[in-house]
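Here is the file work36.pdb (PDB, C-alpha atoms, pLDDT in the B column).
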ATOM      1  CA  MET A   1      52.257 -60.767  28.487  1.00 60.00           C
ATOM      2  CA  ASN A   2      48.552 -60.155  27.967  1.00 68.00           C
ATOM      3  CA  ASN A   3      46.978 -56.790  28.629  1.00 83.00           C
ATOM      4  CA  LEU A   4      46.740 -56.107  32.336  1.00 95.00           C
ATOM      5  CA  LYS A   5      44.081 -54.192  34.256  1.00 96.00           C
ATOM      6  CA  VAL A   6      44.068 -51.505  36.901  1.00 96.00           C
ATOM      7  CA  ALA A   7      43.363 -53.348  40.171  1.00 97.00           C
ATOM      8  CA  ALA A   8      43.488 -50.378  42.560  1.00 95.00           C
ATOM      9  CA  ILE A   9      44.249 -46.671  42.692  1.00 93.00           C
ATOM     10  CA  ILE A  10      46.711 -45.792  45.472  1.00 92.00           C
ATOM     11  CA  ASP A  11      46.793 -42.009  45.054  1.00 89.00           C
ATOM     12  CA  ASN A  12      46.621 -39.494  42.225  1.00 88.00           C
ATOM     13  CA  ARG A  13      49.896 -40.710  40.660  1.00 92.00           C
ATOM     14  CA  ARG A  14      50.179 -44.406  41.614  1.00 94.00           C
ATOM     15  CA  LEU A  15      48.083 -47.452  40.780  1.00 96.00           C
ATOM     16  CA  VAL A  16      48.233 -51.244  41.033  1.00 97.00           C
ATOM     17  CA  LEU A  17      48.252 -53.457  37.931  1.00 98.00           C
ATOM     18  CA  THR A  18      46.979 -57.059  37.815  1.00 97.00           C
ATOM     19  CA  GLY A  19      50.275 -58.614  36.852  1.00 94.00           C
ATOM     20  CA  GLY A  20      53.600 -59.025  38.561  1.00 96.00           C
ATOM     21  CA  SER A  21      56.745 -61.085  38.200  1.00 96.00           C
ATOM     22  CA  LYS A  22      54.677 -64.179  37.243  1.00 95.00           C
ATOM     23  CA  ALA A  23      53.394 -62.170  34.247  1.00 95.00           C
ATOM     24  CA  LYS A  24      56.976 -61.045  33.435  1.00 96.00           C
ATOM     25  CA  VAL A  25      56.359 -57.436  34.532  1.00 96.00           C
ATOM     26  CA  GLN A  26      59.605 -55.669  35.446  1.00 97.00           C
ATOM     27  CA  ILE A  27      60.556 -52.423  37.164  1.00 97.00           C
ATOM     28  CA  GLY A  28      60.789 -49.722  34.474  1.00 97.00           C
ATOM     29  CA  ASP A  29      58.153 -51.267  32.173  1.00 97.00           C
ATOM     30  CA  LYS A  30      55.826 -48.606  30.783  1.00 97.00           C
ATOM     31  CA  PHE A  31      52.104 -49.099  30.225  1.00 97.00           C
ATOM     32  CA  GLN A  32      49.422 -47.083  28.463  1.00 95.00           C
ATOM     33  CA  ILE A  33      46.173 -47.062  30.452  1.00 96.00           C
ATOM     34  CA  TYR A  34      43.016 -46.957  28.349  1.00 93.00           C
ATOM     35  CA  ALA A  35      39.259 -47.333  28.700  1.00 89.00           C
ATOM     36  CA  PRO A  36      38.024 -50.928  28.339  1.00 86.00           C
ATOM     37  CA  ASP A  37      34.982 -50.012  26.235  1.00 84.00           C
ATOM     38  CA  GLY A  38      36.557 -47.393  23.965  1.00 81.00           C
ATOM     39  CA  LYS A  39      34.544 -45.288  21.542  1.00 85.00           C
ATOM     40  CA  GLN A  40      32.161 -47.111  19.241  1.00 88.00           C
ATOM     41  CA  ILE A  41      32.663 -46.162  15.568  1.00 92.00           C
ATOM     42  CA  LYS A  42      29.606 -46.363  13.278  1.00 93.00           C
ATOM     43  CA  ASP A  43      29.229 -46.050   9.526  1.00 94.00           C
ATOM     44  CA  PRO A  44      27.470 -42.687   8.996  1.00 94.00           C
ATOM     45  CA  ASP A  45      25.382 -44.047   6.106  1.00 95.00           C
ATOM     46  CA  THR A  46      24.292 -47.445   7.382  1.00 95.00           C
ATOM     47  CA  GLY A  47      24.677 -47.019  11.127  1.00 93.00           C
ATOM     48  CA  ALA A  48      26.540 -50.346  11.205  1.00 94.00           C
ATOM     49  CA  VAL A  49      29.141 -50.637  13.951  1.00 92.00           C
ATOM     50  CA  LEU A  50      32.604 -50.672  12.361  1.00 93.00           C
ATOM     51  CA  GLY A  51      34.455 -51.356  15.604  1.00 90.00           C
ATOM     52  CA  SER A  52      35.699 -49.453  18.590  1.00 87.00           C
ATOM     53  CA  LEU A  53      38.595 -47.070  19.094  1.00 87.00           C
ATOM     54  CA  GLU A  54      40.791 -47.280  22.195  1.00 86.00           C
ATOM     55  CA  ILE A  55      40.720 -44.092  24.263  1.00 87.00           C
ATOM     56  CA  ASP A  56      44.123 -43.579  25.879  1.00 90.00           C
ATOM     57  CA  LYS A  57      44.059 -42.072  29.358  1.00 92.00           C
ATOM     58  CA  MET A  58      47.594 -41.921  30.720  1.00 93.00           C
ATOM     59  CA  SER A  59      51.029 -43.552  30.701  1.00 95.00           C
ATOM     60  CA  VAL A  60      52.574 -45.118  33.810  1.00 97.00           C
ATOM     61  CA  LYS A  61      55.909 -46.722  34.676  1.00 97.00           C
ATOM     62  CA  VAL A  62      56.343 -49.724  36.986  1.00 98.00           C
ATOM     63  CA  ILE A  63      58.172 -48.826  40.226  1.00 97.00           C
ATOM     64  CA  GLU A  64      57.560 -51.996  42.293  1.00 97.00           C
ATOM     65  CA  VAL A  65      56.884 -55.618  41.346  1.00 98.00           C
ATOM     66  CA  GLU A  66      55.396 -58.393  43.467  1.00 97.00           C
ATOM     67  CA  GLU A  67      54.568 -61.921  42.319  1.00 97.00           C
ATOM     68  CA  LYS A  68      50.960 -61.195  41.261  1.00 97.00           C
ATOM     69  CA  PHE A  69      50.782 -57.403  40.986  1.00 98.00           C
ATOM     70  CA  ALA A  70      52.847 -54.336  40.204  1.00 98.00           C
ATOM     71  CA  VAL A  71      52.751 -50.723  41.353  1.00 98.00           C
ATOM     72  CA  ALA A  72      53.093 -48.116  38.608  1.00 97.00           C
ATOM     73  CA  GLU A  73      53.347 -44.338  38.703  1.00 96.00           C
ATOM     74  CA  THR A  74      52.911 -41.483  36.238  1.00 94.00           C
ATOM     75  CA  TYR A  75      56.263 -40.405  34.838  1.00 93.00           C
ATOM     76  CA  LYS A  76      55.516 -37.725  32.265  1.00 90.00           C
ATOM     77  CA  TYR A  77      55.833 -34.142  33.425  1.00 86.00           C
ATOM     78  CA  LYS A  78      56.061 -30.567  32.275  1.00 86.00           C
ATOM     79  CA  GLU A  79      58.494 -27.990  33.598  1.00 87.00           C
ATOM     80  CA  VAL A  80      56.905 -24.860  35.044  1.00 82.00           C
ATOM     81  CA  ASN A  81      58.620 -21.633  36.082  1.00 80.00           C
ATOM     82  CA  VAL A  82      57.528 -20.801  39.630  1.00 75.00           C
ATOM     83  CA  GLY A  83      60.308 -18.247  40.233  1.00 71.00           C
ATOM     84  CA  GLY A  84      61.602 -15.261  38.325  1.00 64.00           C
ATOM     85  CA  ASN A  85      59.838 -13.405  35.595  1.00 62.00           C
ATOM     86  CA  TYR A  86      61.823 -12.260  32.573  1.00 54.00           C
ATOM     87  CA  SER A  87      58.843 -10.348  31.224  1.00 54.00           C
ATOM     88  CA  PRO A  88      59.558  -6.654  30.516  1.00 55.00           C
ATOM     89  CA  PHE A  89      56.169  -5.908  32.081  1.00 57.00           C
ATOM     90  CA  GLY A  90      56.998  -7.443  35.511  1.00 55.00           C
ATOM     91  CA  SER A  91      58.547  -5.641  38.486  1.00 57.00           C
ATOM     92  CA  ILE A  92      62.308  -5.071  38.534  1.00 57.00           C
ATOM     93  CA  SER A  93      62.796  -7.534  41.410  1.00 56.00           C
ATOM     94  CA  ASN A  94      61.000 -10.275  39.474  1.00 55.00           C
ATOM     95  CA  TYR A  95      62.923  -9.331  36.345  1.00 59.00           C
ATOM     96  CA  LEU A  96      66.238  -9.933  38.122  1.00 65.00           C
ATOM     97  CA  THR A  97      65.139 -13.108  39.913  1.00 69.00           C
ATOM     98  CA  PRO A  98      66.323 -16.233  38.113  1.00 74.00           C
ATOM     99  CA  PRO A  99      63.673 -18.739  37.082  1.00 76.00           C
ATOM    100  CA  LYS A 100      62.849 -21.556  39.478  1.00 80.00           C
ATOM    101  CA  ILE A 101      61.791 -24.559  37.455  1.00 82.00           C
ATOM    102  CA  LYS A 102      59.505 -27.163  39.024  1.00 83.00           C
ATOM    103  CA  LYS A 103      58.417 -30.507  37.543  1.00 85.00           C
ATOM    104  CA  GLU A 104      54.642 -31.032  37.483  1.00 83.00           C
ATOM    105  CA  TYR A 105      53.900 -34.721  36.941  1.00 84.00           C
ATOM    106  CA  ASP A 106      50.793 -36.051  35.215  1.00 85.00           C
ATOM    107  CA  SER A 107      48.072 -36.797  37.723  1.00 84.00           C
ATOM    108  CA  PHE A 108      44.954 -38.957  37.595  1.00 82.00           C
ATOM    109  CA  GLU A 109      43.131 -35.961  39.060  1.00 75.00           C
ATOM    110  CA  ILE A 110      42.450 -32.954  36.856  1.00 57.00           C
ATOM    111  CA  ASP A 111      44.580 -29.861  37.695  1.00 53.00           C
ATOM    112  CA  ASN A 112      46.625 -31.483  40.461  1.00 56.00           C
ATOM    113  CA  SER A 113      50.238 -32.640  40.526  1.00 54.00           C
ATOM    114  CA  THR A 114      51.016 -33.305  44.183  1.00 60.00           C
ATOM    115  CA  LYS A 115      50.858 -36.916  45.305  1.00 65.00           C
ATOM    116  CA  LYS A 116      47.801 -37.477  47.507  1.00 65.00           C
ATOM    117  CA  GLU A 117      44.959 -39.895  48.089  1.00 69.00           C
ATOM    118  CA  ILE A 118      42.208 -39.623  45.535  1.00 67.00           C
ATOM    119  CA  ASP A 119      38.559 -40.628  45.382  1.00 68.00           C
ATOM    120  CA  GLU A 120      38.078 -42.922  42.365  1.00 68.00           C
ATOM    121  CA  ILE A 121      35.011 -40.904  41.370  1.00 69.00           C
ATOM    122  CA  LYS A 122      37.296 -37.887  40.741  1.00 71.00           C
ATOM    123  CA  SER A 123      39.932 -39.968  38.934  1.00 79.00           C
ATOM    124  CA  ILE A 124      40.581 -40.107  35.198  1.00 86.00           C
ATOM    125  CA  ILE A 125      41.800 -43.681  35.763  1.00 90.00           C
ATOM    126  CA  LYS A 126      39.273 -46.273  36.977  1.00 90.00           C
ATOM    127  CA  VAL A 127      39.632 -49.763  38.460  1.00 92.00           C
ATOM    128  CA  GLY A 128      39.142 -52.156  35.529  1.00 93.00           C
ATOM    129  CA  ASP A 129      40.794 -49.910  32.934  1.00 94.00           C
ATOM    130  CA  LEU A 130      43.142 -51.839  30.658  1.00 94.00           C
ATOM    131  CA  ALA A 131      46.927 -51.473  30.535  1.00 95.00           C
ATOM    132  CA  ARG A 132      48.926 -52.204  27.367  1.00 94.00           C
ATOM    133  CA  LYS A 133      52.719 -52.426  27.548  1.00 94.00           C
ATOM    134  CA  ILE A 134      54.403 -49.641  25.608  1.00 92.00           C
ATOM    135  CA  ARG A 135      57.026 -50.938  23.227  1.00 85.00           C
ATOM    136  CA  GLU A 136      60.038 -48.642  23.284  1.00 71.00           C
ATOM    137  CA  SER A 137      61.370 -47.745  19.843  1.00 60.00           C
ATOM    138  CA  THR A 138      64.959 -48.802  19.121  1.00 57.00           C
ATOM    139  CA  ASP A 139      65.569 -46.129  16.443  1.00 53.00           C
TER     140      ASP A 139
END
Any chance you could put this one into structure tokens?
Amino acid sequence: MNNLKVAAIIDNRRLVLTGGSKAKVQIGDKFQIYAPDGKQIKDPDTGAVLGSLEIDKMSVKVIEVEEKFAVAETYKYKEVNVGGNYSPFGSISNYLTPPKIKKEYDSFEIDNSTKKEIDEIKSIIKVGDLARKIRESTD
């Protein structure tokens, strides 16, 4: 399977990749999305271009596969306490309230974790970005 590209952005957590079952993409496959141009690395003495460095943007996991495309979604998240406060400096009612943990998933939009439509201009991910399959370690 060659590197795929981002074909469309559905919302701030889902995108479409340019490869489906014909390209052997399967539900559960994980891809790293990165900028196609990367960062150019130059020799500081000569100024000669040494190459370019891939700039990773985000990881996604395939949730739907069609013949020629696949839909992928962010899957990494952090757990945030939106409930109780065990701080000795909080009020007594907050001190006794148990924590309420909420998952905040990675989003293509800065500082947003709810799934919603997104303008590509405000997106970290762009149509044309490359997608490289992540090889899971077997250790």
Polymer residues at most 7 Å from (40.0, -46.5, 22.8) by all atoms listed in the file, as a PyMOL selection string: chain A and resi 34-35+38-39+52-56
Point (64.5, -48.7, 34.9), cut-off 10 Å, counting only C-alpha atoms, residues as a compact mmCIF listing (two decimals) with C-alpha atoms, in the coordinates of the input:
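Result saved to selection-v5.txt:
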# COMPACT_ATOMS: atom_id res chain seq x y z
CA GLN A 26 59.60 -55.67 35.45
CA ILE A 27 60.56 -52.42 37.16
CA GLY A 28 60.79 -49.72 34.47
CA ASP A 29 58.15 -51.27 32.17
CA LYS A 30 55.83 -48.61 30.78
CA LYS A 61 55.91 -46.72 34.68
CA VAL A 62 56.34 -49.72 36.99
CA ILE A 63 58.17 -48.83 40.23
One-decimal distance in Å that lies between atom CA of Leu4 of chain A and atom CA of Val127 of chain A: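 Those two atoms sit 11.3 Å apart.
Closest to Val65 of chain A among A:Leu17, A:Ala131, A:Ala8, A:Ile125 is A:Leu17, based on only C-alpha atoms.
Of the residues listed (A:Val16, A:Lys22, A:Gln32, A:Ile41), A:Gln32 shows the shortest atom-to-atom separation from Leu130 of chain A; distances use all atoms listed in the file.
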